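Engineer: One structure is given below, represented as structure tokens, and several questions about it will come after.
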Amino acid sequence: MKRPEGFDEGPAQPEAPVEHDRAPRERRVPRLPRLPVRRGAGADQEARPAPAPSDPEPKRPTPATTGLRASHPAADAGATPDVDDRDAATGEREHVAPVTDVVDATTASRPSSPERAEETPIGARVRAAETAREARVARKRRKLLERAEVRRFTRRSRHRRVAWATAGGVVVVLGVSILVAVYSPLMALRTIEIKGTSRVDDAALRQALSEQIGTPLARLDFGAIKKDIAGFPLIESYVTEEEPPNTLVVTVTERSPVVAVKTGDSFSLVDPAGIVVQSSPTQPDTMPLADIGSAKLGSSVFRTMTEVVLALPSTVRAQVSGVSATTADDVTLTMKDGSRVVWGSPDESDAKAALLDALVKDHASRDPDTAVEYDVSAPDNGIIRAQS
């Protein structure tokens, strides 16, 4: 049949295959369209292929995952597959580019520009902020718990370190203090104060102790101080006190006379130890005259008399004008009104003194003008008898 002229010839028909010749087998594979990737969307969103508007048949999406390269198995193996790219309607080959896009999960999870940041949902940003805040709180809580556990397990060691450090500090401070007190000139003696003197010359006593000037207070020679003070017989006792940094205070107790002893034309005021405190041309009214006879000052007889005088109450002592004794067991007192007191031994002097005070008051209430003799040698049986 002849075709009219003017028409284009149809497509060339393929030649018929020769018998016994095997035609090449064509393998058809699904097309791999280019997948549009929206950067800035969340990592959990899946990339979806956009269907081609000109293709009447919908294309099957290729199994591509976010962050992975979509490829054909044969391509991964290094082989080049035979793909029939011709269109079913026109028969022409269609160029298909292989999919080589790679989606980075780290960059896709956060926006890279303000326009892309607007595509992130508000709820996702709020949840991300809350998650970050909770993570910070959890980290702080974990740090606190770890610190508490460390302190709990190291408590004993820390206590030992503190105890050793404290003990070491005390030892160091004590050692330094001792060195400063013993050898430092800052603690040297510069001032000597004398207190409690009335009969003793302060200047003479201070001059006697001046040898200690310049010596540190911790190294004062108290044996030499005692020897210097012993040269003043009117000092009965003394007390020393160091006042840092450079002062020594000496508090003196002077001897107090209790009886007067006639020596020639004057009277010596003597304390209980037999030390003459001072001399007086007349007998003091407040002190009894001691008749020691052949005894010496400081003997046992003299000490017995002074002990009896000291045991008398102040009201009775003011009425005593003399005391005498030949032995330590026959002390006799003489009153200013002429009465006498048989005292006996110095034993139980307090009880005898209380009994004598009661007898004197009783006699004064009945017959004060009569001189009598009070016998208190037995403190449980006082006697008032007329003088013979």
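Identifiers in the structure tokens: chain A, B, ... in order shown; residue index from 1 per chain; ligand index from 1 in order shown.
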Do you know which residues are at most 10 Å from A:Asp285 counting only C-alpha atoms, after dropping those on the same chain fewer than 6 positions away, and could you put them as a ChimeraX atom specification?

Structural biologist: /A:318-321

Engineer: Please save C-alpha atoms of the selected residues as a PDB file, in the first residue's frame.

Structural biologist:
ATOM      1  CA  ALA A 318      42.756  46.079 174.771  1.00  0.00           C
ATOM      2  CA  GLN A 319      42.298  45.450 178.549  1.00  0.00           C
ATOM      3  CA  VAL A 320      45.516  43.375 178.931  1.00  0.00           C
ATOM      4  CA  SER A 321      48.516  45.324 180.192  1.00  0.00           C
TER       5      SER A 321
END

Engineer: Identify which of the residues A:Gly231, A:Gly322, A:Gly338, A:Gly214 lies closest to A:Val309, counting only C-alpha atoms when measuring atom-to-atom distances.

Structural biologist: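 When distances to A:Val309 are compared using only C-alpha atoms, the smallest one comes from A:Gly322.
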
Engineer: Hey, can you check how far atom CA of A:Leu312 sits from atom CA of A:Val261?

Structural biologist: 18.9 Å

Engineer: List as a list in words the protein and nucleic acid residues near A:Leu205, meaning an atom at most 9 Å away when only C-alpha atoms are counted, but skip any in the same chain fewer than 4 places from it.

Structural biologist: Ile194, Val200, Asp201, Leu209, Ser210, Asp228, Ile229 and Phe232 of chain A

Engineer: I need the residues in stretch 90-308 of chain A that are strand (DSSP E or B) according to DSSP; give them as a ChimeraX atom specification.

Structural biologist: /A:93,188,191-195,216,235-243,247-254,259-263,266-270,276-280,289-291

Engineer: Measuring between only C-alpha atoms, which one of A:Val372, A:Ile383, A:Val182, A:Ala129 shows the shortest distance to A:Ala358?

Structural biologist: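 Once distances to A:Ala358 are computed over only C-alpha atoms, the minimum belongs to A:Ile383.
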
Engineer: Which polymer residues have any atom within 10 Å of an atom of stretch 368-370 of chain A, counting only C-alpha atoms, with same-chain residues fewer than 4 positions away left out, as a list in words?

Structural biologist: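 Here the answer would be Asp337, Gly338, Ser339, Val360, Lys361, Asp362, His363, Ala364, Ala386 and Gln387 of chain A.
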
Engineer: Excluding A:Ile225 and its own-chain neighbours fewer than 4 positions away, which residues fall within 10 Å of it when counting only C-alpha atoms? Please give them as a PyMOL selection string.

Structural biologist: chain A and resi 208-212+220-221+229-230+240

Engineer: As number ranges by chain, please: every residue in stretch 128-265 of chain A that a backbone DSSP assignment puts in helix (DSSP H, G or I).

Structural biologist: A: 128-153, 155-183, 185-187, 202-208, 210-212, 217-219, 222-229

Engineer: What lies within 8 Å of A:Phe267 using only C-alpha atoms, ignoring chain neighbours under 2 positions off, as a list of chain:residue names?

Structural biologist: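 Those residues are A:Ala260, A:Val261, A:Lys262, A:Thr263, A:Gly264, A:Asp265, A:Leu269, A:Ser279, A:Ser280, A:Pro281, A:Thr282, A:Gln283.
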
Engineer: As an exercise, work out the distance from atom CA of A:Ala295 to atom CA of A:Arg199 in Å and give it to one decimal place.

Structural biologist: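 Computing it gives 27.5 Å between the two atoms.
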